[in-house]
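Chemist: Pasting target33.cif here (mmCIF, C-alpha atoms):
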data_model
#
loop_
_atom_site.label_atom_id
_atom_site.label_comp_id
_atom_site.auth_asym_id
_atom_site.auth_seq_id
_atom_site.Cartn_x
_atom_site.Cartn_y
_atom_site.Cartn_z
CA MET A 90 21.18 -4.89 14.57
CA SER A 91 22.44 -3.89 18.02
CA ALA A 92 24.31 -6.27 20.29
CA GLY A 93 21.27 -6.74 22.51
CA ASP A 94 18.90 -7.68 19.70
CA GLU A 95 18.14 -11.32 19.03
CA MET A 96 18.71 -12.42 15.46
CA LYS A 97 15.47 -13.43 13.75
CA VAL A 98 15.88 -16.53 11.60
CA ARG A 99 13.44 -17.79 9.01
CA GLU A 100 13.66 -21.56 9.16
CA ALA A 101 13.89 -23.66 6.00
CA SER A 102 10.35 -24.88 6.61
CA HIS A 103 10.00 -26.84 3.36
CA ALA A 104 13.36 -28.64 3.59
CA GLY A 105 12.93 -32.37 3.93
CA SER A 106 9.62 -32.36 2.05
CA TRP A 107 9.72 -30.09 -1.00
CA TYR A 108 13.47 -30.58 -1.37
CA SER A 109 16.21 -32.46 0.44
CA GLY A 110 17.10 -31.22 3.90
CA THR A 111 20.47 -32.97 3.74
CA ARG A 112 23.26 -30.61 2.74
CA LYS A 113 25.33 -33.14 0.78
CA VAL A 114 22.38 -34.59 -1.10
CA LEU A 115 20.93 -31.19 -1.96
CA ASP A 116 24.27 -29.80 -3.10
CA GLN A 117 24.82 -32.80 -5.39
CA GLN A 118 21.34 -32.49 -6.87
CA LEU A 119 21.85 -28.82 -7.67
CA SER A 120 25.26 -29.54 -9.19
CA THR A 121 23.80 -32.27 -11.38
CA TRP A 122 20.92 -30.15 -12.63
CA LEU A 123 23.23 -27.21 -13.38
CA SER A 124 25.65 -29.49 -15.24
CA HIS A 125 22.88 -30.45 -17.65
CA VAL A 126 22.54 -26.85 -18.89
CA ASP A 127 24.61 -25.77 -21.88
CA LYS A 128 24.96 -22.08 -21.07
CA GLN A 129 25.33 -19.54 -23.87
CA ASP A 130 26.92 -16.10 -23.56
CA VAL A 131 23.89 -13.81 -23.38
CA GLY A 132 25.36 -10.61 -21.94
CA ILE A 133 24.69 -9.08 -18.53
CA VAL A 134 21.83 -10.94 -16.85
CA LYS A 135 19.72 -8.60 -14.72
CA ALA A 136 16.86 -10.92 -13.82
CA VAL A 137 15.62 -14.46 -14.17
CA ILE A 138 12.21 -16.09 -14.01
CA ALA A 139 12.19 -19.58 -12.50
CA PRO A 140 9.70 -22.05 -10.98
CA HIS A 141 9.10 -22.78 -7.32
CA ALA A 142 7.57 -26.27 -7.19
CA GLY A 143 9.10 -29.19 -5.33
CA TYR A 144 12.53 -29.97 -6.70
CA SER A 145 11.48 -33.41 -7.94
CA TYR A 146 9.18 -31.53 -10.33
CA SER A 147 10.97 -28.27 -11.17
CA GLY A 148 14.55 -28.57 -9.95
CA GLN A 149 15.93 -29.22 -13.41
CA ALA A 150 13.84 -26.49 -15.03
CA ALA A 151 15.07 -23.92 -12.51
CA ALA A 152 18.68 -24.77 -13.40
CA PHE A 153 18.01 -23.30 -16.85
CA ALA A 154 17.67 -19.91 -15.15
CA TYR A 155 20.36 -20.16 -12.50
CA LYS A 156 23.07 -21.40 -14.87
CA TYR A 157 22.92 -18.01 -16.61
CA LEU A 158 23.78 -16.01 -13.49
CA ASP A 159 27.15 -14.37 -12.96
CA LEU A 160 27.30 -12.99 -9.44
CA ALA A 161 30.86 -11.66 -9.62
CA ASP A 162 29.75 -8.02 -9.41
CA ILE A 163 26.41 -8.55 -7.64
CA GLU A 164 26.02 -7.13 -4.14
CA ARG A 165 22.31 -7.76 -3.54
CA VAL A 166 19.66 -10.23 -4.74
CA PHE A 167 15.97 -9.29 -4.82
CA ILE A 168 13.51 -12.19 -4.74
CA LEU A 169 9.90 -11.51 -5.76
CA GLY A 170 7.53 -14.37 -4.99
CA PRO A 171 3.73 -14.59 -5.11
CA SER A 172 1.70 -15.07 -1.94
CA HIS A 173 -0.10 -18.42 -2.05
CA HIS A 174 -1.48 -18.65 1.49
CA ALA A 175 -1.95 -15.16 2.95
CA TYR A 176 -4.23 -12.68 1.21
CA LEU A 177 -2.22 -9.57 0.46
CA GLU A 178 -3.32 -6.56 -1.59
CA GLY A 179 0.13 -5.01 -1.86
CA CYS A 180 3.63 -6.30 -1.20
CA ALA A 181 5.22 -7.36 2.07
CA LEU A 182 8.73 -7.49 3.48
CA THR A 183 10.37 -9.82 5.98
CA ARG A 184 11.29 -8.92 9.54
CA CYS A 185 13.86 -11.71 9.62
CA ASP A 186 17.59 -11.07 9.63
CA VAL A 187 18.59 -14.44 8.18
CA TYR A 188 16.99 -17.04 5.91
CA ASP A 189 18.19 -20.55 6.64
CA THR A 190 18.88 -23.20 3.98
CA PRO A 191 20.47 -26.68 4.22
CA LEU A 192 23.46 -25.15 2.43
CA GLY A 193 23.90 -22.34 4.94
CA HIS A 194 22.43 -18.98 5.92
CA LEU A 195 21.49 -16.11 3.62
CA GLU A 196 21.56 -12.70 5.26
CA VAL A 197 18.71 -10.27 4.64
CA ASP A 198 19.71 -6.75 3.63
CA ARG A 199 18.01 -5.06 6.58
CA GLU A 200 19.06 -1.55 5.59
CA LEU A 201 17.53 -1.76 2.13
CA THR A 202 14.47 -3.62 3.43
CA GLU A 203 13.86 -0.76 5.87
CA GLU A 204 14.40 1.70 3.02
CA LEU A 205 11.66 0.01 1.03
CA TYR A 206 9.34 -0.02 4.03
CA GLN A 207 9.81 3.72 4.51
CA THR A 208 8.28 4.34 1.08
CA GLY A 209 4.91 3.48 2.62
CA GLU A 210 4.18 0.97 -0.14
CA PHE A 211 5.07 -2.18 1.80
CA LYS A 212 3.72 -4.09 4.78
CA TRP A 213 5.54 -6.43 7.15
CA MET A 214 4.76 -10.12 6.87
CA SER A 215 4.50 -12.21 10.00
CA GLN A 216 6.95 -15.00 10.77
CA ASN A 217 4.20 -17.56 10.13
CA THR A 218 3.35 -16.05 6.75
CA ASP A 219 7.04 -15.94 5.89
CA GLU A 220 7.63 -19.59 6.76
CA ASP A 221 4.36 -20.91 5.33
CA GLU A 222 5.12 -19.44 1.90
CA HIS A 223 7.22 -21.55 -0.46
CA SER A 224 7.56 -19.27 -3.49
CA ILE A 225 10.63 -17.48 -2.11
CA GLU A 226 12.11 -20.36 -0.12
CA MET A 227 12.35 -22.67 -3.14
CA HIS A 228 14.89 -20.29 -4.69
CA LEU A 229 17.15 -19.99 -1.66
CA PRO A 230 19.19 -23.21 -2.13
CA TYR A 231 19.88 -22.31 -5.77
CA ILE A 232 20.87 -18.77 -4.79
CA LYS A 233 23.19 -20.08 -2.08
CA LYS A 234 24.64 -22.61 -4.52
CA VAL A 235 25.51 -20.12 -7.27
CA MET A 236 26.95 -17.69 -4.71
CA ALA A 237 29.64 -20.29 -4.02
CA SER A 238 31.86 -18.83 -1.29
CA ARG A 239 30.49 -15.29 -1.56
CA GLU A 240 28.08 -13.80 0.99
CA ILE A 241 25.49 -11.71 -0.84
CA PRO A 242 22.49 -10.30 1.07
CA ILE A 243 18.96 -10.89 -0.18
CA VAL A 244 15.82 -8.75 -0.29
CA PRO A 245 12.74 -11.02 -0.18
CA ILE A 246 9.49 -9.39 -1.36
CA LEU A 247 6.17 -11.19 -1.08
CA VAL A 248 3.85 -10.01 -3.85
CA GLY A 249 0.11 -10.02 -3.29
CA ALA A 250 -2.96 -9.71 -5.51
CA LEU A 251 -2.03 -6.48 -7.26
CA SER A 252 -4.28 -4.39 -9.45
CA THR A 253 -3.00 -3.31 -12.85
CA SER A 254 -2.18 0.15 -11.50
CA SER A 255 -0.42 -1.34 -8.48
CA GLU A 256 1.73 -3.53 -10.72
CA GLN A 257 2.87 -0.40 -12.53
CA ARG A 258 3.43 1.48 -9.27
CA TYR A 259 5.65 -1.23 -7.81
CA GLY A 260 7.46 -1.54 -11.14
CA ASN A 261 8.22 2.19 -11.06
CA LEU A 262 9.38 1.92 -7.46
CA LEU A 263 11.72 -1.01 -8.10
CA ALA A 264 13.05 0.23 -11.45
CA PRO A 265 16.05 2.13 -9.96
CA TYR A 266 17.06 -0.97 -8.01
CA LEU A 267 16.83 -3.11 -11.14
CA ARG A 268 18.89 -0.55 -13.02
CA SER A 269 21.76 -0.73 -10.55
CA PRO A 270 24.57 -2.96 -11.90
CA ARG A 271 25.03 -4.34 -8.37
CA ASN A 272 21.53 -5.79 -8.08
CA LEU A 273 19.97 -8.97 -9.42
CA PHE A 274 16.27 -9.88 -9.51
CA ILE A 275 14.81 -13.37 -9.11
CA ILE A 276 11.16 -13.71 -10.17
CA SER A 277 9.39 -16.76 -8.79
CA SER A 278 6.60 -18.29 -10.86
CA ASP A 279 5.15 -21.53 -12.11
CA PHE A 280 3.02 -21.42 -15.23
CA CYS A 281 -0.31 -23.09 -16.00
CA HIS A 282 -1.96 -25.08 -13.21
CA TRP A 283 -4.41 -27.23 -15.15
CA GLY A 284 -7.03 -29.64 -13.81
CA SER A 285 -10.06 -29.84 -11.57
CA ARG A 286 -7.96 -29.56 -8.40
CA PHE A 287 -6.88 -26.11 -9.62
CA SER A 288 -10.43 -25.21 -10.75
CA TYR A 289 -9.05 -24.59 -14.23
CA ARG A 290 -9.69 -26.71 -17.29
CA ASN A 291 -9.90 -24.05 -19.97
CA MET A 292 -9.09 -24.98 -23.53
CA TYR A 293 -6.83 -22.65 -25.44
CA HIS A 294 -7.82 -21.23 -28.81
CA GLU A 295 -5.04 -20.03 -31.06
CA PRO A 296 -5.56 -16.55 -32.56
CA SER A 297 -6.21 -18.29 -35.90
CA GLY A 298 -9.31 -19.83 -34.35
CA THR A 299 -7.97 -23.38 -34.05
CA ALA A 300 -9.36 -24.90 -30.87
CA SER A 301 -7.80 -27.58 -28.75
CA ALA A 302 -11.13 -29.02 -27.76
CA ALA A 303 -14.84 -28.52 -28.32
CA ASP A 304 -17.67 -30.02 -26.29
CA GLY A 305 -15.23 -32.41 -24.66
CA ASP A 306 -13.90 -33.77 -27.97
CA THR A 307 -10.16 -33.29 -28.07
CA ILE A 308 -8.79 -31.89 -31.33
CA VAL A 309 -5.21 -31.82 -30.05
CA PRO A 310 -3.96 -33.45 -26.85
CA ILE A 311 -4.72 -31.33 -23.80
CA HIS A 312 -1.06 -31.04 -22.85
CA GLU A 313 -0.35 -29.51 -26.26
CA SER A 314 -3.16 -27.02 -25.72
CA ILE A 315 -1.65 -26.08 -22.34
CA GLU A 316 1.77 -25.62 -23.90
CA MET A 317 0.38 -23.45 -26.70
CA MET A 318 -1.32 -21.25 -24.12
CA ASP A 319 1.79 -21.00 -21.93
CA ARG A 320 4.02 -20.22 -24.89
CA ALA A 321 1.66 -17.50 -26.08
CA GLY A 322 2.16 -15.82 -22.70
CA MET A 323 5.90 -16.46 -22.80
CA ARG A 324 6.15 -14.68 -26.16
CA ILE A 325 4.45 -11.62 -24.69
CA ILE A 326 6.85 -11.67 -21.73
CA GLU A 327 9.78 -11.93 -24.15
CA GLY A 328 8.31 -8.89 -25.91
CA LEU A 329 8.59 -7.00 -22.58
CA ASP A 330 4.95 -5.93 -22.81
CA PRO A 331 3.31 -5.64 -19.37
CA TYR A 332 -0.04 -4.45 -20.71
CA GLY A 333 -0.09 -7.16 -23.35
CA PHE A 334 0.57 -9.72 -20.63
CA VAL A 335 -2.31 -8.41 -18.53
CA LYS A 336 -4.58 -8.55 -21.59
CA TYR A 337 -3.47 -12.13 -22.27
CA LEU A 338 -4.21 -13.15 -18.67
CA LYS A 339 -7.68 -11.61 -18.80
CA LYS A 340 -8.43 -13.45 -22.03
CA THR A 341 -7.04 -16.88 -21.14
CA LYS A 342 -7.41 -16.82 -17.34
CA ASN A 343 -4.15 -18.78 -17.35
CA THR A 344 -3.27 -19.76 -13.79
CA ILE A 345 0.28 -18.38 -13.77
CA CYS A 346 0.78 -17.95 -10.04
CA GLY A 347 3.65 -15.47 -10.42
CA ARG A 348 1.76 -13.25 -12.85
CA HIS A 349 2.01 -10.23 -10.54
CA PRO A 350 5.77 -10.48 -9.87
CA ILE A 351 6.33 -11.00 -13.61
CA THR A 352 4.26 -7.94 -14.51
CA VAL A 353 6.03 -5.83 -11.87
CA LEU A 354 9.35 -6.86 -13.45
CA LEU A 355 8.10 -5.97 -16.94
CA HIS A 356 7.07 -2.50 -15.77
CA ALA A 357 10.45 -1.95 -14.10
CA ILE A 358 12.20 -2.97 -17.31
CA CYS A 359 10.04 -0.62 -19.36
CA VAL A 360 10.86 2.31 -17.06
CA ASN A 361 14.57 1.74 -17.57
CA MET A 362 14.16 1.22 -21.31
CA GLU A 363 12.25 4.49 -21.61
CA GLU A 364 14.93 6.33 -19.63
CA ALA A 365 17.60 4.89 -21.92
CA LYS A 366 15.57 5.94 -24.96
CA GLU A 367 15.31 9.51 -23.68
CA LYS A 368 19.07 9.65 -23.08
CA ALA A 369 19.69 8.34 -26.60
CA MET A 370 17.49 11.09 -28.05
CA GLU A 371 19.41 13.68 -26.05
CA ARG A 372 22.70 12.35 -27.41
CA GLN A 373 21.39 12.45 -30.96
CA GLY A 374 20.36 16.06 -30.43
CA SER A 375 23.80 17.03 -29.19
CA ARG A 376 26.63 17.76 -31.57
CA ASN A 377 29.05 16.31 -29.08
CA GLY A 378 27.00 13.17 -28.54
CA ASP A 379 29.29 10.18 -28.08
CA PRO A 380 27.82 6.86 -29.28
CA GLN A 381 30.25 5.09 -26.94
CA ASN A 382 28.23 6.50 -24.03
CA SER A 383 25.18 4.49 -25.05
CA ASP A 384 23.03 3.08 -22.28
CA GLU A 385 23.02 -0.71 -21.85
CA TRP A 386 19.27 -0.54 -21.30
CA GLU A 387 18.83 0.42 -24.94
CA ASN A 388 19.34 -3.26 -25.73
CA VAL A 389 17.28 -5.44 -23.40
CA ARG A 390 16.03 -8.89 -24.23
CA CYS A 391 14.15 -11.62 -22.42
CA ARG A 392 14.44 -15.23 -23.56
CA PHE A 393 12.90 -18.40 -22.19
CA THR A 394 15.38 -21.24 -21.94
CA ARG A 395 13.22 -24.12 -20.68
CA TYR A 396 9.64 -25.32 -20.62
CA GLU A 397 8.33 -28.45 -18.91
CA GLN A 398 5.10 -29.92 -17.61
CA SER A 399 4.67 -32.13 -14.57
CA GLY A 400 2.58 -34.49 -16.69
CA ARG A 401 1.27 -34.89 -20.23
CA VAL A 402 -2.45 -34.42 -19.70
CA LYS A 403 -4.60 -36.39 -22.13
CA SER A 404 -7.82 -36.64 -20.13
CA MET A 405 -10.08 -34.09 -18.46
CA ARG A 406 -9.60 -36.10 -15.25
CA GLU A 407 -5.86 -35.46 -15.14
CA SER A 408 -3.87 -32.43 -13.98
CA SER A 409 -0.48 -30.80 -14.45
CA VAL A 410 1.63 -27.77 -13.61
CA SER A 411 3.92 -26.06 -16.12
CA TYR A 412 7.43 -24.81 -15.36
CA ALA A 413 9.39 -22.26 -17.40
CA SER A 414 12.72 -20.50 -16.94
CA ALA A 415 13.93 -17.28 -18.54
CA TYR A 416 16.60 -14.59 -18.31
CA VAL A 417 16.57 -10.83 -18.88
CA ALA A 418 19.87 -9.60 -20.25
CA LEU A 419 21.53 -6.38 -21.38
CA GLY A 420 23.98 -5.83 -24.19
#
Could you spell out this file's structure in structure tokens?
Modeler:
Amino acid sequence: MSAGDEMKVREASHAGSWYSGTRKVLDQQLSTWLSHVDKQDVGIVKAVIAPHAGYSYSGQAAAFAYKYLDLADIERVFILGPSHHAYLEGCALTRCDVYDTPLGHLEVDRELTEELYQTGEFKWMSQNTDEDEHSIEMHLPYIKKVMASREIPIVPILVGALSTSSEQRYGNLLAPYLRSPRNLFIISSDFCHWGSRFSYRNMYHEPSGTASAADGDTIVPIHESIEMMDRAGMRIIEGLDPYGFVKYLKKTKNTICGRHPITVLLHAICVNMEEAKEKAMERQGSRNGDPQNSDEWENVRCRFTRYEQSGRVKSMRESSVSYASAYVALG
């Protein structure tokens, strides 16, 4: 940005309503939620999936993703969030230079954002679209918190209603960035939105044929049915199977709002896993192959660390939203 250009700031438009706009209060809340997580050594975390609801609902659940982050060697954080308000067929980038939070500013990596735009696969989002959307903003305080005193630029990407082929295309495009040891990916998603206000009251049937409800007669409590459905999807995500996840979504119609960002991530992971597999085969075919030169992407795993619901639905008149956190790690 030249000296004559005015810095474009995205305001923390949901501060004071969806989460505290008071620095001290917000910082203490984040510290408390993070302190409740008993972190395990899981290797090199490359990505996390975490919810984006108001902090009174999902703040604790999100801590079960952010506690696993080690930003010591990270130089850039990608944030992929679904578009809730603006219809978008592809993906969009921000024109802002800075994202504000009650804990301080986060600088946007303008150079890399422009690099992505030059691929021809991204649009620009307007300032209004940027500030109306909450799926990216709800992660900013946590990102700023775990950065501590470091200043790490971010790359916000708003993900629209992607087709199956588009999910794969964006996954292929972002795979090299995910592969870089200097980059971290944050995937923003809530899970099932159940109830009449979400126009979704489907009852989940286990593969064995056991139904949660039939003709309005509950066989198991509705909240258990919702959890079974969510966990079925979570198992597919843990299996790093983008096509299986798409098939699951078509079958259940589960209202996972971040389904497109999640599927893009799964495709990007698969690209890097396939590249690592090809390199391993080349080493095996070489007499001088050194097993110590193995690729970290040969051993990738995704694990969910937390699952919650905003309420335990027992009646068809009630509603709830599910929140889940996960990490993707190497080694």
Chemist: (23.6, 0.8, -21.6) in this file's frame - what residues fall within 10 Å of it? Use only C-alpha atoms and give the answer as an MDAnalysis selection string.
Modeler: chainID A and resid 268 361:362 365 369 381:389 419:420
Chemist: Skip stretch 263-265 of chain A itself and residues of its chain fewer than 2 positions away, then list as a list in words all residues within 9 Å of it, counting all atoms listed in the file.
Modeler: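 With the cut-off at 9 Å, the set is Arg258, Tyr259, Gly260, Asn261, Leu267, Arg268, Ser269, Val353, Leu354, His356, Ala357, Ile358, Cys359, Val360 and Asn361 of chain A.
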Chemist: Using the chain letters and numbering of this document, enumerate as a PDB file with C-alpha atoms, keeping the file's coordinate frame the residues selected by the PyMOL selection byres ((chain A and resi 109) around 12).
Modeler:
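As written to disk, expr-v9.pdb reads:
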ATOM      1  CA  ALA A 101      13.890 -23.660   6.000  1.00  0.00           C
ATOM      2  CA  SER A 102      10.350 -24.880   6.610  1.00  0.00           C
ATOM      3  CA  HIS A 103      10.000 -26.840   3.360  1.00  0.00           C
ATOM      4  CA  ALA A 104      13.360 -28.640   3.590  1.00  0.00           C
ATOM      5  CA  GLY A 105      12.930 -32.370   3.930  1.00  0.00           C
ATOM      6  CA  SER A 106       9.620 -32.360   2.050  1.00  0.00           C
ATOM      7  CA  TRP A 107       9.720 -30.090  -1.000  1.00  0.00           C
ATOM      8  CA  TYR A 108      13.470 -30.580  -1.370  1.00  0.00           C
ATOM      9  CA  GLY A 110      17.100 -31.220   3.900  1.00  0.00           C
ATOM     10  CA  THR A 111      20.470 -32.970   3.740  1.00  0.00           C
ATOM     11  CA  ARG A 112      23.260 -30.610   2.740  1.00  0.00           C
ATOM     12  CA  LYS A 113      25.330 -33.140   0.780  1.00  0.00           C
ATOM     13  CA  VAL A 114      22.380 -34.590  -1.100  1.00  0.00           C
ATOM     14  CA  LEU A 115      20.930 -31.190  -1.960  1.00  0.00           C
ATOM     15  CA  ASP A 116      24.270 -29.800  -3.100  1.00  0.00           C
ATOM     16  CA  GLN A 117      24.820 -32.800  -5.390  1.00  0.00           C
ATOM     17  CA  GLN A 118      21.340 -32.490  -6.870  1.00  0.00           C
ATOM     18  CA  LEU A 119      21.850 -28.820  -7.670  1.00  0.00           C
ATOM     19  CA  GLY A 143       9.100 -29.190  -5.330  1.00  0.00           C
ATOM     20  CA  TYR A 144      12.530 -29.970  -6.700  1.00  0.00           C
ATOM     21  CA  SER A 145      11.480 -33.410  -7.940  1.00  0.00           C
ATOM     22  CA  GLY A 148      14.550 -28.570  -9.950  1.00  0.00           C
ATOM     23  CA  THR A 190      18.880 -23.200   3.980  1.00  0.00           C
ATOM     24  CA  PRO A 191      20.470 -26.680   4.220  1.00  0.00           C
ATOM     25  CA  LEU A 192      23.460 -25.150   2.430  1.00  0.00           C
ATOM     26  CA  MET A 227      12.350 -22.670  -3.140  1.00  0.00           C
ATOM     27  CA  PRO A 230      19.190 -23.210  -2.130  1.00  0.00           C
TER      28      PRO A 230
END
Chemist: Enter the distance from atom CA of A:Leu177 to atom CA of A:Ala250, in Å, rounded to one decimal.
Modeler: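 Calculated distance between atom CA of A:Leu177 and atom CA of A:Ala250 is 6.0 Å.
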Chemist: With the file shown as input, list the residues that the PyMOL selection byres ((chain A and resi 210) around 10) selects, as an mmCIF file with C-alpha atoms, in the coordinates of the input.
Modeler:
data_model
loop_
_atom_site.group_PDB
_atom_site.id
_atom_site.type_symbol
_atom_site.label_atom_id
_atom_site.label_comp_id
_atom_site.auth_asym_id
_atom_site.auth_seq_id
_atom_site.Cartn_x
_atom_site.Cartn_y
_atom_site.Cartn_z
ATOM 1 C CA GLY A 179 0.130 -5.010 -1.860
ATOM 2 C CA CYS A 180 3.630 -6.300 -1.200
ATOM 3 C CA ALA A 181 5.220 -7.360 2.070
ATOM 4 C CA LEU A 205 11.660 0.010 1.030
ATOM 5 C CA TYR A 206 9.340 -0.020 4.030
ATOM 6 C CA GLN A 207 9.810 3.720 4.510
ATOM 7 C CA THR A 208 8.280 4.340 1.080
ATOM 8 C CA GLY A 209 4.910 3.480 2.620
ATOM 9 C CA PHE A 211 5.070 -2.180 1.800
ATOM 10 C CA LYS A 212 3.720 -4.090 4.780
ATOM 11 C CA SER A 255 -0.420 -1.340 -8.480
ATOM 12 C CA ARG A 258 3.430 1.480 -9.270
ATOM 13 C CA TYR A 259 5.650 -1.230 -7.810
ATOM 14 C CA LEU A 262 9.380 1.920 -7.460
#
Chemist: To one decimal place in Å, what is the distance between atom CA of A:Ile345 and atom CA of A:Val417?
Modeler: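 For atom CA of A:Ile345 relative to atom CA of A:Val417, the distance reads 18.7 Å.
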Chemist: Nearest to A:Arg392: which of A:Ile308, A:Ala415, A:Cys346, A:Met323 is it, counting all atoms listed in the file?
Modeler: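 That would be A:Ala415, the residue with the smallest distance to A:Arg392.
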Chemist: Just so the selection is clear, what residues does the PyMOL selection byres ((chain A and resi 406) around 10) cover here, as a PyMOL selection string?
Modeler: chain A and resi 284-286+290+402-405+407-408
Chemist: Given the choices A:His294, A:His141, A:Arg401, A:His173, which gets closest to A:Ala413 if the distance is worked out from all atoms listed in the file?
Modeler: A:His141
Chemist: Which residue, A:His194, A:Arg271, A:Lys339, A:Lys97, has the smallest gap to A:Lys233 when you use only C-alpha atoms?
Modeler: A:His194
Chemist: For each of A:Leu169, A:Met318, A:Met96, A:Cys281, take the minimum atom-to-atom distance to A:Thr352, counting only C-alpha atoms, then give the residue where this is smallest.
Modeler: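 For A:Thr352, the nearest of the candidates is A:Leu169.
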Chemist: Which is closer to A:Thr394 than all the others in A:Ser409, A:Ser172, A:Ser414, A:Thr183, using all atoms listed in the file?
Modeler: A:Ser414
Chemist: Output stretch 228-249 of chain A as an mmCIF file, keeping the file's coordinate frame, making sure N, CA and C atoms are there.
Modeler:
data_model
loop_
_atom_site.group_PDB
_atom_site.id
_atom_site.type_symbol
_atom_site.label_atom_id
_atom_site.label_comp_id
_atom_site.auth_asym_id
_atom_site.auth_seq_id
_atom_site.Cartn_x
_atom_site.Cartn_y
_atom_site.Cartn_z
ATOM 1 N N HIS A 228 13.757 -20.854 -3.949
ATOM 2 C CA HIS A 228 14.890 -20.290 -4.690
ATOM 3 C C HIS A 228 16.153 -20.171 -3.843
ATOM 4 N N LEU A 229 16.009 -20.256 -2.545
ATOM 5 C CA LEU A 229 17.150 -19.990 -1.660
ATOM 6 C C LEU A 229 18.301 -20.976 -1.842
ATOM 7 N N PRO A 230 18.061 -22.305 -1.925
ATOM 8 C CA PRO A 230 19.190 -23.210 -2.130
ATOM 9 C C PRO A 230 19.950 -22.933 -3.428
ATOM 10 N N TYR A 231 19.209 -22.630 -4.503
ATOM 11 C CA TYR A 231 19.880 -22.310 -5.770
ATOM 12 C C TYR A 231 20.699 -21.028 -5.644
ATOM 13 N N ILE A 232 20.136 -20.029 -4.982
ATOM 14 C CA ILE A 232 20.870 -18.770 -4.790
ATOM 15 C C ILE A 232 22.143 -19.021 -3.997
ATOM 16 N N LYS A 233 22.020 -19.768 -2.904
ATOM 17 C CA LYS A 233 23.190 -20.080 -2.080
ATOM 18 C C LYS A 233 24.216 -20.871 -2.881
ATOM 19 N N LYS A 234 23.742 -21.783 -3.711
ATOM 20 C CA LYS A 234 24.640 -22.610 -4.520
ATOM 21 C C LYS A 234 25.450 -21.765 -5.498
ATOM 22 N N VAL A 235 24.794 -20.887 -6.252
ATOM 23 C CA VAL A 235 25.510 -20.120 -7.270
ATOM 24 C C VAL A 235 26.348 -19.007 -6.656
ATOM 25 N N MET A 236 26.079 -18.659 -5.397
ATOM 26 C CA MET A 236 26.950 -17.690 -4.710
ATOM 27 C C MET A 236 28.321 -18.276 -4.448
ATOM 28 N N ALA A 237 28.401 -19.606 -4.375
ATOM 29 C CA ALA A 237 29.640 -20.290 -4.020
ATOM 30 C C ALA A 237 30.120 -19.805 -2.659
ATOM 31 N N SER A 238 31.316 -19.250 -2.587
ATOM 32 C CA SER A 238 31.860 -18.830 -1.290
ATOM 33 C C SER A 238 31.505 -17.392 -0.932
ATOM 34 N N ARG A 239 30.823 -16.684 -1.823
ATOM 35 C CA ARG A 239 30.490 -15.290 -1.560
ATOM 36 C C ARG A 239 29.292 -15.193 -0.620
ATOM 37 N N GLU A 240 29.215 -14.093 0.111
ATOM 38 C CA GLU A 240 28.080 -13.800 0.990
ATOM 39 C C GLU A 240 27.377 -12.574 0.428
ATOM 40 N N ILE A 241 26.235 -12.795 -0.206
ATOM 41 C CA ILE A 241 25.490 -11.710 -0.840
ATOM 42 C C ILE A 241 24.129 -11.608 -0.157
ATOM 43 N N PRO A 242 23.783 -10.442 0.378
ATOM 44 C CA PRO A 242 22.490 -10.300 1.070
ATOM 45 C C PRO A 242 21.317 -10.374 0.098
ATOM 46 N N ILE A 243 20.166 -10.758 0.624
ATOM 47 C CA ILE A 243 18.960 -10.890 -0.180
ATOM 48 C C ILE A 243 17.892 -9.904 0.291
ATOM 49 N N VAL A 244 16.956 -9.604 -0.607
ATOM 50 C CA VAL A 244 15.820 -8.750 -0.290
ATOM 51 C C VAL A 244 14.561 -9.494 -0.713
ATOM 52 N N PRO A 245 13.960 -10.287 0.172
ATOM 53 C CA PRO A 245 12.740 -11.020 -0.180
ATOM 54 C C PRO A 245 11.525 -10.083 -0.184
ATOM 55 N N ILE A 246 10.708 -10.188 -1.235
ATOM 56 C CA ILE A 246 9.490 -9.390 -1.360
ATOM 57 C C ILE A 246 8.336 -10.324 -1.708
ATOM 58 N N LEU A 247 7.353 -10.382 -0.826
ATOM 59 C CA LEU A 247 6.170 -11.190 -1.080
ATOM 60 C C LEU A 247 5.150 -10.320 -1.814
ATOM 61 N N VAL A 248 4.722 -10.788 -2.981
ATOM 62 C CA VAL A 248 3.850 -10.010 -3.850
ATOM 63 C C VAL A 248 2.423 -10.530 -3.764
ATOM 64 N N GLY A 249 1.497 -9.638 -3.458
ATOM 65 C CA GLY A 249 0.110 -10.020 -3.290
ATOM 66 C C GLY A 249 -0.706 -9.876 -4.559
#
